[in-house]
>>> print(open('model01.txt').read())   # compact mmCIF, C-alpha atoms
# COMPACT_ATOMS: atom_id res chain seq x y z
CA MET A 1 4.50 39.85 -8.98
CA ALA A 2 3.96 38.37 -12.36
CA GLU A 3 4.96 34.77 -11.91
CA LYS A 4 3.70 32.31 -9.40
CA ILE A 5 5.22 29.26 -7.80
CA GLN A 6 3.58 25.88 -8.30
CA PHE A 7 2.69 24.54 -4.86
CA GLU A 8 2.14 20.82 -4.41
CA LEU A 9 1.11 19.22 -1.15
CA VAL A 10 1.14 15.44 -1.30
CA SER A 11 0.08 12.93 1.33
CA PRO A 12 0.65 9.19 0.92
CA ALA A 13 -3.02 8.71 0.12
CA LYS A 14 -3.35 11.43 -2.50
CA LEU A 15 -2.29 14.67 -4.10
CA LEU A 16 -3.91 17.24 -1.84
CA VAL A 17 -3.07 20.53 -3.47
CA SER A 18 -1.54 21.45 -6.77
CA SER A 19 -1.96 25.08 -7.68
CA PRO A 20 0.07 28.17 -8.56
CA VAL A 21 0.39 30.57 -5.61
CA ASP A 22 2.36 33.71 -4.71
CA MET A 23 4.25 32.42 -1.71
CA VAL A 24 4.39 29.42 0.60
CA VAL A 25 5.74 29.59 4.13
CA VAL A 26 7.00 26.19 5.27
CA PRO A 27 8.17 25.20 8.75
CA GLY A 28 11.57 23.77 7.79
CA SER A 29 13.60 21.90 10.35
CA GLU A 30 16.18 24.69 10.36
CA GLY A 31 13.59 27.42 10.60
CA ASP A 32 10.57 28.65 8.72
CA PHE A 33 11.17 29.74 5.16
CA GLY A 34 9.09 31.40 2.50
CA ALA A 35 9.31 30.04 -1.00
CA LEU A 36 8.61 32.34 -3.92
CA VAL A 37 9.17 31.74 -7.58
CA LEU A 38 12.88 31.55 -8.54
CA HIS A 39 13.81 30.24 -5.11
CA SER A 40 17.16 28.48 -5.20
CA PRO A 41 16.81 24.69 -5.38
CA MET A 42 16.86 22.97 -2.04
CA ILE A 43 15.66 19.92 -0.18
CA THR A 44 14.81 20.07 3.48
CA THR A 45 13.03 18.20 6.19
CA VAL A 46 9.85 19.75 7.57
CA ARG A 47 9.04 19.84 11.26
CA PRO A 48 5.46 19.56 12.54
CA GLY A 49 3.78 22.91 12.04
CA VAL A 50 1.63 25.00 9.77
CA ILE A 51 2.17 25.64 6.09
CA VAL A 52 0.80 29.03 5.15
CA VAL A 53 -0.06 29.81 1.55
CA HIS A 54 -0.14 33.45 0.47
CA ASP A 55 -1.99 34.29 -2.68
CA GLY A 56 -3.37 37.52 -4.05
CA GLY A 57 -2.00 39.58 -1.16
CA LYS A 58 -3.64 37.56 1.60
CA ILE A 59 -3.37 34.22 3.30
CA SER A 60 -5.34 31.83 1.13
CA SER A 61 -4.95 28.68 3.20
CA SER A 62 -3.08 27.26 6.14
CA THR A 63 -2.54 23.56 6.63
CA PHE A 64 -1.17 21.66 9.58
CA VAL A 65 1.42 19.02 8.68
CA ALA A 66 2.92 16.43 10.99
CA GLY A 67 6.37 16.66 9.48
CA GLY A 68 7.70 15.53 6.14
CA PHE A 69 9.98 16.74 3.37
CA ALA A 70 10.04 19.69 1.03
CA GLU A 71 11.69 20.07 -2.31
CA VAL A 72 11.98 23.57 -3.74
CA ASN A 73 13.23 24.64 -7.11
CA GLU A 74 12.76 27.62 -9.37
CA GLU A 75 9.26 26.86 -10.51
CA ARG A 76 7.74 24.62 -7.89
CA ILE A 77 7.66 23.56 -4.27
CA THR A 78 6.68 20.02 -3.37
CA VAL A 79 5.83 19.12 0.20
CA LEU A 80 5.56 15.45 1.11
CA ALA A 81 3.60 15.22 4.32
CA GLU A 82 2.41 12.10 6.05
CA GLU A 83 -0.47 13.88 7.57
CA ALA A 84 -2.02 17.15 6.48
CA ILE A 85 -5.09 18.75 8.02
CA PRO A 86 -6.48 22.20 7.24
CA VAL A 87 -6.01 24.36 10.36
CA GLY A 88 -9.72 25.18 10.37
CA ASP A 89 -10.55 21.50 10.86
CA LEU A 90 -8.34 21.06 13.90
CA THR A 91 -10.11 20.79 17.22
CA GLN A 92 -9.02 20.96 20.81
CA GLU A 93 -10.06 17.32 21.25
CA MET A 94 -7.74 16.18 18.47
CA ALA A 95 -4.83 17.90 20.16
CA ALA A 96 -5.84 16.42 23.52
CA VAL A 97 -5.98 12.92 22.07
CA ARG A 98 -2.57 13.40 20.50
CA LYS A 99 -1.16 14.65 23.75
CA LYS A 100 -2.49 11.64 25.58
CA LEU A 101 -1.11 9.23 22.99
CA ALA A 102 2.26 10.95 23.09
CA LYS A 103 2.31 10.76 26.88
CA GLU A 104 1.45 7.07 26.82
CA ALA A 105 4.14 6.40 24.25
CA ARG A 106 6.62 8.31 26.40
CA ASP A 107 5.71 6.30 29.46
CA ASP A 108 5.90 2.97 27.64
CA ALA A 109 9.06 3.71 25.69
CA LYS A 110 11.90 1.39 26.53
CA THR A 111 14.16 1.14 23.51
CA ASP A 112 15.86 4.11 21.89
CA ARG A 113 13.66 3.68 18.89
CA GLU A 114 10.47 3.90 20.92
CA LYS A 115 11.83 6.89 22.77
CA SER A 116 12.58 8.82 19.64
CA ASN A 117 9.19 7.90 18.28
CA ALA A 118 7.51 9.14 21.45
CA GLU A 119 9.49 12.36 21.20
CA ARG A 120 8.26 12.81 17.65
CA LEU A 121 4.65 12.26 18.76
CA THR A 122 5.10 14.82 21.52
CA LEU A 123 6.43 17.37 19.06
CA ILE A 124 3.48 16.76 16.75
CA ALA A 125 1.01 17.15 19.61
CA GLU A 126 2.64 20.39 20.74
CA ALA A 127 2.72 21.78 17.22
CA MET A 128 -0.93 20.90 16.80
CA ALA A 129 -1.94 22.68 19.99
CA GLU A 130 0.07 25.68 18.88
CA ALA A 131 -1.60 25.66 15.47
CA ILE A 132 -5.02 25.73 17.13
CA SER A 133 -4.22 28.58 19.47
CA GLY A 134 -2.58 30.42 16.58
CA ALA A 135 -5.70 30.08 14.48
CA LYS A 136 -7.85 31.64 17.20
CA HIS A 137 -5.87 34.85 17.52
CA MET B 138 -29.91 -42.62 -12.39
CA ALA B 139 -30.67 -39.82 -9.99
CA SER B 140 -34.29 -39.49 -9.08
CA LEU B 141 -36.34 -36.46 -10.02
CA LYS B 142 -36.27 -35.19 -6.49
CA ASP B 143 -32.47 -35.44 -6.33
CA LEU B 144 -32.18 -33.50 -9.56
CA ARG B 145 -34.53 -30.81 -8.34
CA MET B 146 -32.57 -30.39 -5.15
CA LYS B 147 -29.31 -30.20 -7.04
CA ILE B 148 -30.69 -27.48 -9.29
CA VAL B 149 -31.81 -25.48 -6.25
CA SER B 150 -28.42 -25.82 -4.64
CA VAL B 151 -26.52 -24.74 -7.77
CA LYS B 152 -28.91 -21.81 -8.12
CA SER B 153 -28.14 -20.57 -4.65
CA THR B 154 -24.43 -21.01 -5.28
CA ARG B 155 -24.82 -18.87 -8.35
CA LYS B 156 -26.56 -16.23 -6.30
CA ILE B 157 -23.66 -16.15 -3.87
CA THR B 158 -20.95 -15.99 -6.52
CA SER B 159 -22.76 -13.31 -8.45
CA ALA B 160 -23.18 -11.26 -5.26
CA MET B 161 -19.48 -11.71 -4.50
CA LYS B 162 -18.68 -10.55 -8.00
CA MET B 163 -20.69 -7.36 -7.50
CA VAL B 164 -19.05 -6.69 -4.16
CA ALA B 165 -15.60 -7.26 -5.65
CA ALA B 166 -16.41 -4.96 -8.54
CA SER B 167 -17.39 -2.09 -6.28
CA LYS B 168 -14.43 -2.70 -3.96
CA LEU B 169 -12.17 -2.84 -6.98
CA ARG B 170 -13.25 0.59 -8.05
CA ARG B 171 -12.40 1.99 -4.65
CA ALA B 172 -9.10 0.14 -4.40
CA GLN B 173 -8.12 1.23 -7.87
CA THR B 174 -8.78 4.88 -7.10
CA ALA B 175 -6.79 4.59 -3.90
CA ALA B 176 -3.87 2.96 -5.71
CA GLU B 177 -3.88 5.65 -8.37
CA ALA B 178 -4.20 8.47 -5.85
CA ALA B 179 -1.15 7.18 -4.00
CA ARG B 180 1.10 7.34 -7.04
CA PRO B 181 2.08 11.05 -6.89
CA PHE B 182 3.54 10.65 -3.41
CA ALA B 183 5.65 7.66 -4.38
CA GLU B 184 6.81 9.35 -7.57
CA ARG B 185 7.88 12.53 -5.81
CA MET B 186 9.52 10.57 -3.05
CA GLU B 187 11.50 8.69 -5.66
CA ARG B 188 12.52 11.91 -7.38
CA MET B 189 13.72 13.43 -4.13
CA LEU B 190 15.58 10.28 -3.23
CA GLY B 191 17.19 10.23 -6.66
CA THR B 192 18.47 13.78 -6.18
CA LEU B 193 19.79 12.99 -2.72
CA ALA B 194 21.48 9.80 -3.78
CA ALA B 195 23.03 11.45 -6.82
CA SER B 196 24.56 14.15 -4.66
CA LEU B 197 25.84 11.58 -2.18
CA ALA B 198 27.15 9.26 -4.87
CA GLY B 199 30.71 8.22 -4.35
CA GLN B 200 30.81 9.55 -0.82
CA SER B 201 31.19 7.19 2.06
CA GLY B 202 28.85 7.36 5.01
CA ALA B 203 25.68 6.82 3.04
CA PRO B 204 23.08 5.01 5.16
CA LYS B 205 23.14 1.25 4.99
CA MET B 206 19.52 1.11 3.97
CA LEU B 207 20.56 2.56 0.61
CA THR B 208 23.86 0.82 0.04
CA GLY B 209 23.17 -2.44 1.80
CA THR B 210 25.18 -4.14 4.48
CA GLY B 211 27.73 -5.27 1.93
CA ALA B 212 26.78 -8.86 2.59
CA ASP B 213 24.33 -10.97 0.63
CA LYS B 214 23.72 -13.75 3.09
CA VAL B 215 20.32 -13.44 4.69
CA HIS B 216 17.33 -12.75 2.49
CA LEU B 217 14.01 -11.56 3.78
CA LEU B 218 11.05 -12.31 1.55
CA VAL B 219 7.88 -10.38 2.17
CA ALA B 220 4.99 -12.26 0.60
CA VAL B 221 1.91 -10.07 0.21
CA THR B 222 -1.35 -11.98 -0.20
CA ALA B 223 -4.96 -11.57 0.77
CA ASP B 224 -6.61 -12.70 3.97
CA ARG B 225 -9.33 -14.50 2.10
CA GLY B 226 -9.51 -16.97 -0.72
CA LEU B 227 -11.97 -17.37 -3.57
CA CYS B 228 -10.00 -15.13 -5.83
CA GLY B 229 -8.64 -17.46 -8.47
CA GLY B 230 -4.91 -17.80 -8.72
CA PHE B 231 -4.22 -14.61 -6.78
CA ASN B 232 -2.82 -16.13 -3.61
CA SER B 233 -1.26 -19.21 -5.13
CA THR B 234 0.73 -17.15 -7.64
CA ILE B 235 2.41 -15.32 -4.78
CA VAL B 236 2.94 -18.49 -2.81
CA ARG B 237 4.41 -20.28 -5.81
CA ALA B 238 6.76 -17.38 -6.58
CA THR B 239 7.85 -17.18 -2.96
CA LYS B 240 8.53 -20.91 -2.80
CA LEU B 241 10.52 -20.78 -6.04
CA MET B 242 12.59 -17.89 -4.85
CA ALA B 243 13.16 -19.41 -1.43
CA ALA B 244 14.21 -22.74 -2.95
CA ASP B 245 16.55 -20.96 -5.32
CA LEU B 246 18.17 -18.96 -2.54
CA LEU B 247 18.49 -21.99 -0.31
CA LYS B 248 20.22 -23.86 -3.12
CA GLN B 249 22.75 -21.05 -3.32
CA GLY B 250 23.44 -21.55 0.36
CA LYS B 251 21.71 -18.36 1.49
CA VAL B 252 19.61 -17.99 4.60
CA VAL B 253 15.96 -17.27 3.93
CA LYS B 254 13.38 -15.64 6.14
CA ILE B 255 9.79 -15.28 5.08
CA LEU B 256 7.54 -12.56 6.41
CA PRO B 257 3.96 -13.30 5.41
CA VAL B 258 1.54 -10.44 4.97
CA GLY B 259 -2.00 -11.74 4.77
CA ARG B 260 -3.48 -14.90 6.23
CA LYS B 261 -3.26 -16.96 3.05
CA ALA B 262 0.50 -16.50 2.74
CA ARG B 263 1.01 -17.88 6.22
CA GLU B 264 -1.38 -20.79 5.77
CA GLN B 265 -0.06 -21.89 2.41
CA LEU B 266 3.62 -21.47 3.15
CA LYS B 267 3.45 -23.05 6.58
CA ARG B 268 3.68 -26.63 5.39
CA ASP B 269 6.84 -26.46 3.30
CA TYR B 270 8.59 -23.40 4.61
CA GLY B 271 7.31 -23.20 8.16
CA GLN B 272 10.75 -23.24 9.68
CA TYR B 273 11.82 -20.14 7.76
CA MET B 274 8.73 -18.19 8.59
CA ILE B 275 8.81 -15.30 11.00
CA GLU B 276 5.87 -13.53 12.49
CA GLY B 277 3.90 -11.64 9.88
CA PHE B 278 0.93 -9.36 9.54
CA GLU B 279 -2.72 -10.13 8.99
CA GLN B 280 -5.98 -8.31 8.71
CA LEU B 281 -4.46 -5.28 7.06
CA GLY B 282 -6.75 -2.89 5.28
CA ARG B 283 -10.09 -4.32 6.23
CA LYS B 284 -11.55 -0.89 5.63
CA GLY B 285 -9.13 0.16 2.93
CA ILE B 286 -5.42 0.41 3.48
CA VAL B 287 -4.29 3.36 5.54
CA PHE B 288 -0.76 4.62 5.61
CA ALA B 289 -0.36 3.83 9.31
CA GLU B 290 -0.66 0.11 8.56
CA ALA B 291 2.03 0.23 5.91
CA ASP B 292 4.12 2.24 8.33
CA GLN B 293 3.71 -0.46 10.95
CA VAL B 294 5.01 -3.12 8.56
CA ALA B 295 7.83 -0.85 7.41
CA CYS B 296 8.85 -0.07 10.99
CA HIS B 297 9.00 -3.77 11.74
CA ILE B 298 11.21 -4.39 8.71
CA ALA B 299 13.41 -1.40 9.54
CA ALA B 300 13.83 -2.59 13.12
CA MET B 301 14.83 -6.03 11.85
CA PHE B 302 17.31 -4.46 9.48
CA GLU B 303 18.84 -2.37 12.23
CA ALA B 304 19.16 -5.48 14.35
CA GLU B 305 21.05 -6.96 11.37
CA GLU B 306 18.64 -9.80 10.98
CA PHE B 307 18.83 -9.72 7.19
CA ASP B 308 20.84 -8.20 4.34
CA VAL B 309 18.45 -8.05 1.43
CA CYS B 310 14.72 -7.49 1.55
CA THR B 311 12.43 -8.31 -1.36
CA VAL B 312 8.70 -7.87 -1.43
CA ILE B 313 6.59 -10.14 -3.63
CA TYR B 314 3.16 -8.86 -4.58
CA ASN B 315 0.67 -8.65 -7.41
CA ARG B 316 0.84 -5.39 -9.29
CA PHE B 317 -2.46 -4.18 -10.63
CA LYS B 318 -2.36 -3.86 -14.41
CA SER B 319 -6.01 -3.97 -15.34
CA ALA B 320 -9.18 -5.58 -14.12
CA ILE B 321 -8.26 -8.79 -15.91
CA ALA B 322 -4.49 -8.82 -15.56
CA GLN B 323 -2.29 -8.77 -12.50
CA GLU B 324 1.43 -8.87 -12.73
CA LEU B 325 3.58 -10.75 -10.29
CA THR B 326 6.22 -8.33 -9.05
CA ARG B 327 9.38 -8.86 -7.07
CA GLN B 328 10.66 -5.60 -5.74
CA GLN B 329 13.83 -5.16 -3.78
CA LEU B 330 13.37 -2.75 -0.88
CA ILE B 331 16.68 -2.99 0.92
CA PRO B 332 19.15 -1.99 -0.37
CA PHE B 333 16.92 0.33 -2.31
CA PRO B 334 17.71 0.27 -6.03
CA LEU B 335 17.48 3.73 -7.49
CA PRO B 336 15.46 4.16 -10.61
CA ALA B 337 18.02 4.55 -13.36
CA GLN B 338 16.08 7.36 -14.94
CA ALA B 339 15.88 9.47 -11.80
CA ALA B 340 19.57 9.05 -11.13
CA LYS B 341 20.43 10.11 -14.65
CA ALA B 342 18.11 13.08 -14.78
CA ASP B 343 19.49 14.52 -11.58
CA VAL B 344 23.15 14.31 -12.40
CA GLY B 345 23.04 17.77 -13.86
CA ALA B 346 20.95 19.19 -11.06
CA LYS B 347 22.87 17.78 -8.16
CA ALA B 348 25.38 20.58 -7.93
CA THR B 349 22.71 23.21 -7.57
CA TYR B 350 20.59 21.72 -4.80
CA GLU B 351 21.01 22.91 -1.26
CA PHE B 352 20.27 20.58 1.59
CA GLU B 353 18.95 21.48 4.96
CA PRO B 354 20.17 20.19 7.42
CA ASP B 355 22.49 18.04 5.23
CA GLU B 356 22.30 15.07 2.88
CA GLU B 357 23.00 12.41 5.49
CA THR B 358 20.39 13.65 7.92
CA ILE B 359 17.72 13.96 5.28
CA LEU B 360 18.56 10.55 3.87
CA ALA B 361 18.42 8.99 7.30
CA GLU B 362 14.92 10.42 7.66
CA ILE B 363 13.68 9.81 4.17
CA LEU B 364 14.76 6.18 3.79
CA PRO B 365 12.47 4.71 6.45
CA ARG B 366 9.69 6.90 5.05
CA ASN B 367 10.45 5.58 1.61
CA LEU B 368 10.26 2.04 2.93
CA ALA B 369 6.81 2.78 4.29
CA THR B 370 5.78 4.40 1.02
CA GLN B 371 6.89 1.44 -1.04
CA MET B 372 5.14 -0.91 1.37
CA PHE B 373 2.02 1.23 1.16
CA ARG B 374 2.15 1.10 -2.59
CA SER B 375 2.53 -2.68 -2.71
CA LEU B 376 -0.33 -3.13 -0.24
CA LEU B 377 -2.59 -0.90 -2.32
CA GLU B 378 -1.63 -2.60 -5.57
CA SER B 379 -2.15 -5.98 -3.96
CA GLN B 380 -5.54 -4.93 -2.65
CA ALA B 381 -6.68 -3.74 -6.07
CA SER B 382 -5.34 -6.91 -7.69
CA GLU B 383 -7.12 -9.07 -5.14
CA GLN B 384 -10.47 -7.51 -5.90
CA ALA B 385 -9.85 -7.74 -9.63
CA ALA B 386 -8.85 -11.39 -9.35
CA ARG B 387 -11.88 -12.13 -7.22
CA MET B 388 -14.15 -10.38 -9.65
CA THR B 389 -12.84 -12.45 -12.57
CA ALA B 390 -12.97 -15.69 -10.60
CA MET B 391 -16.52 -15.05 -9.41
CA ASP B 392 -17.61 -14.05 -12.89
CA ASN B 393 -16.34 -17.39 -14.16
CA ALA B 394 -17.99 -19.24 -11.30
CA THR B 395 -21.30 -17.53 -11.99
CA ARG B 396 -21.10 -18.45 -15.64
CA ASN B 397 -20.19 -22.05 -14.85
CA ALA B 398 -23.09 -22.30 -12.44
CA GLY B 399 -25.40 -21.04 -15.20
CA ASP B 400 -24.12 -23.71 -17.58
CA MET B 401 -24.54 -26.35 -14.95
CA ILE B 402 -28.11 -25.28 -14.24
CA ASN B 403 -28.94 -25.50 -17.96
CA ALA B 404 -27.45 -28.97 -18.23
CA LEU B 405 -29.27 -30.12 -15.11
CA ALA B 406 -32.55 -28.63 -16.31
CA ILE B 407 -32.32 -30.58 -19.56
CA LYS B 408 -31.54 -33.75 -17.67
CA TYR B 409 -34.43 -33.08 -15.28
CA ASN B 410 -36.91 -32.49 -18.11
CA ARG B 411 -35.75 -35.57 -19.98
CA SER B 412 -36.11 -37.85 -17.00
CA ARG B 413 -39.50 -36.35 -16.16
CA GLN B 414 -40.64 -37.02 -19.73
CA ALA B 415 -39.24 -40.55 -19.55
CA GLN B 416 -41.15 -41.18 -16.37
CA ILE B 417 -44.41 -39.89 -17.83
CA THR B 418 -43.92 -42.11 -20.91
CA LYS B 419 -43.17 -45.06 -18.67
CA GLU B 420 -46.34 -44.49 -16.63
CA LEU B 421 -48.43 -44.16 -19.79
CA ILE B 422 -47.03 -47.39 -21.18
CA GLU B 423 -47.82 -49.09 -17.90
CA ILE B 424 -51.42 -47.85 -17.96
CA ILE B 425 -51.95 -48.78 -21.61
CA SER B 426 -50.41 -52.21 -21.31
CA GLY B 427 -52.41 -52.76 -18.12
CA ALA B 428 -55.64 -51.83 -19.99
CA GLU B 429 -54.74 -54.09 -22.91
CA ALA B 430 -54.14 -57.04 -20.64
CA LEU B 431 -57.69 -56.88 -19.33
>>> encode(input="model01.txt", output="structure tokens")
Amino acid sequence: MAEKIQFELVSPAKLLVSSPVDMVVVPGSEGDFGALVLHSPMITTVRPGVIVVHDGGKISSSTFVAGGFAEVNEERITVLAEEAIPVGDLTQEMAAVRKKLAKEARDDAKTDREKSNAERLTLIAEAMAEAISGAKH
Amino acid sequence: MASLKDLRMKIVSVKSTRKITSAMKMVAASKLRRAQTAAEAARPFAERMERMLGTLAASLAGQSGAPKMLTGTGADKVHLLVAVTADRGLCGGFNSTIVRATKLMAADLLKQGKVVKILPVGRKAREQLKRDYGQYMIEGFEQLGRKGIVFAEADQVACHIAAMFEAEEFDVCTVIYNRFKSAIAQELTRQQLIPFPLPAQAAKADVGAKATYEFEPDEETILAEILPRNLATQMFRSLLESQASEQAARMTAMDNATRNAGDMINALAIKYNRSRQAQITKELIEIISGAEAL
């Protein structure tokens, strides 16, 4: 493959990654998708999960994101993530803390807004736990 | 005339004031560097968010059913002013600029018969606006970013504003903050958050591209998700800019104070030396005239 796709991962605090890669696999809300160069333009929401970057025939990095948005066009893919942690840095404790927080939020939730927020936290916690167990295998 | 001892004590006190202001200047300078880097690092996210929003809005343009956060409630009755200041003073005109601008805007809106609500961010905004505009004030936020602004804090503010909007407590939301231009210049900025004005450039650039973009799940769903996020991003940006401006303003103010203290010490030292000399002369004259009288 001659050409590469420009992959940008941005968090509110800073530009985390900006480099040309072979392929990026993103957990879109309607299912995972791989973005290569010349992908048709699209905008999608991203669910909590792991973004896997393939470069030079192997997986070069995998990053956990807690949801966000992705914009793909022919030459680049931009992922806006509110939280992004390299999978290698995730620990069981982090997932446990998240789970606890999510559970508390679920128990305290009264309004619809709080409920949907708690649901989101739960999803993030589950995705994080999954990312950790996935990294071990 | 002040006695020698009084003068000496005054010099000592001005000297220690100078020490404090010069230390504050150093602290502000190092904090400024950090705040400036943070503000600059946050720009890519806001820019890309704006670009995405521009694309979405362009493809939704003319269709009904766009979220209210983008189009507004249609009314223009209740205005929410978010005044972003610091928690602490001693930073020159930083806080009072914001307060003055907020008062002006509130007075203007009230004259037009609009309803005004003020949401203070930062302790100084609340304290300084309380006297004249206390009855319009709603509960605000304080102590944000004591260890650097984190996104969660901006999100908290944004969530509060979004909840208020959903409860139809206001129609238009404007945030007033100091934008960081350089270490010596801050620019007072009034930015409308709701309804969110699209950058003209982004809207134009994406007209051609709008037909080709695919949306997953669909425009409305993405917009409904992205708008509250955008609110948080804009809030985050204004907090960061405000933080950097605060440190810059404090640095300049403390630099001036240090210099003034130096001038004052010089003037006092001259006065001290002169009165000491005068006293010595007086004592000599007394001794000599005493000796002559014998």
>>> interface_residues(input="model01.txt", of="chain B", to="chain A", cutoff="8 Å", atoms="all atoms listed in the file", output="list in words")
Ala175, Ala178, Ala179, Arg180, Pro181, Phe182, Ala183, Arg185, Met186, Met189, Val287, Phe288, Thr349, Tyr350, Glu351, Phe352, Glu353, Pro354, Ile359, Ile363 and Thr370 of chain B
>>> closest_residue(input="model01.txt", among="A:Ala35, A:Ala66, A:Ile77, A:Ile59", to="Ser18 (chain A)", atoms="only C-alpha atoms")
A:Ile77
>>> residues_around(input="model01.txt", residues="Asp22 (chain A)", least_positions_apart="5", cutoff="6 Å", atoms="all atoms listed in the file", output="list in words")
Lys4, His54 and Asp55 of chain A
>>> write_last_selection(input="model01.txt", atoms="C-alpha atoms", output="PDB file, in the frame of the given file")
ATOM      1  CA  LYS A   4       3.700  32.310  -9.400  1.00  0.00           C
ATOM      2  CA  HIS A  54      -0.140  33.450   0.470  1.00  0.00           C
ATOM      3  CA  ASP A  55      -1.990  34.290  -2.680  1.00  0.00           C
TER       4      ASP A  55
END
>>> residues_around(input="model01.txt", residues="region 98-107 of chain A", least_positions_apart="2", cutoff="8 Å", atoms="only C-alpha atoms", output="list of chain:residue names")
A:Met94, A:Ala95, A:Ala96, A:Ala109, A:Glu114, A:Lys115, A:Asn117, A:Ala118, A:Glu119, A:Leu121, A:Thr122, A:Ile124, A:Ala125, A:Glu126
>>> residues_around(input="model01.txt", residues="region 324-328 of chain B", least_positions_apart="5", cutoff="9 Å", atoms="only C-alpha atoms", output="mmCIF file with C-alpha atoms, keeping the file's coordinate frame")
data_model
loop_
_atom_site.group_PDB
_atom_site.id
_atom_site.type_symbol
_atom_site.label_atom_id
_atom_site.label_comp_id
_atom_site.auth_asym_id
_atom_site.auth_seq_id
_atom_site.Cartn_x
_atom_site.Cartn_y
_atom_site.Cartn_z
ATOM 1 C CA THR B 234 0.730 -17.150 -7.640
ATOM 2 C CA ILE B 235 2.410 -15.320 -4.780
ATOM 3 C CA ALA B 238 6.760 -17.380 -6.580
ATOM 4 C CA CYS B 310 14.720 -7.490 1.550
ATOM 5 C CA THR B 311 12.430 -8.310 -1.360
ATOM 6 C CA VAL B 312 8.700 -7.870 -1.430
ATOM 7 C CA ILE B 313 6.590 -10.140 -3.630
ATOM 8 C CA TYR B 314 3.160 -8.860 -4.580
ATOM 9 C CA ASN B 315 0.670 -8.650 -7.410
ATOM 10 C CA ARG B 316 0.840 -5.390 -9.290
ATOM 11 C CA PHE B 317 -2.460 -4.180 -10.630
ATOM 12 C CA LYS B 318 -2.360 -3.860 -14.410
ATOM 13 C CA SER B 382 -5.340 -6.910 -7.690
#
>>> atom_distance(input="model01.txt", atom1="CA of Glu378 (chain B)", atom2="CA of Gln329 (chain B)")
15.8 Å
>>> atom_distance(input="model01.txt", atom1="CA of Ser412 (chain B)", atom2="CA of Ala394 (chain B)")
26.6 Å
>>> atom_distance(input="model01.txt", atom1="CA of Thr395 (chain B)", atom2="CA of Ser153 (chain B)")
10.5 Å
>>> closest_residue(input="model01.txt", among="A:Ala129, A:Glu8, A:Ser62, A:Leu38", to="Glu93 (chain A)", atoms="only C-alpha atoms")
A:Ala129
>>> closest_residue(input="model01.txt", among="B:Val236, B:Ile286, B:Ala415, B:Ile425", to="Arg374 (chain B)", atoms="only C-alpha atoms")
B:Ile286
>>> residues_around(input="model01.txt", residues="Ile255 (chain B)", least_positions_apart="3", cutoff="8 Å", atoms="all atoms listed in the file", output="PyMOL selection string")
chain B and resi 217-220+273-275
>>> write_last_selection(input="model01.txt", atoms="C-alpha atoms", output="PDB file, keeping the file's coordinate frame")
ATOM      1  CA  LEU B 217      14.010 -11.560   3.780  1.00  0.00           C
ATOM      2  CA  LEU B 218      11.050 -12.310   1.550  1.00  0.00           C
ATOM      3  CA  VAL B 219       7.880 -10.380   2.170  1.00  0.00           C
ATOM      4  CA  ALA B 220       4.990 -12.260   0.600  1.00  0.00           C
ATOM      5  CA  TYR B 273      11.820 -20.140   7.760  1.00  0.00           C
ATOM      6  CA  MET B 274       8.730 -18.190   8.590  1.00  0.00           C
ATOM      7  CA  ILE B 275       8.810 -15.300  11.000  1.00  0.00           C
TER       8      ILE B 275
END
>>> residues_around(input="model01.txt", residues="Arg155 (chain B)", least_positions_apart="5", cutoff="9 Å", atoms="all atoms listed in the file", output="PyMOL selection string")
chain B and resi 150+160+394-399
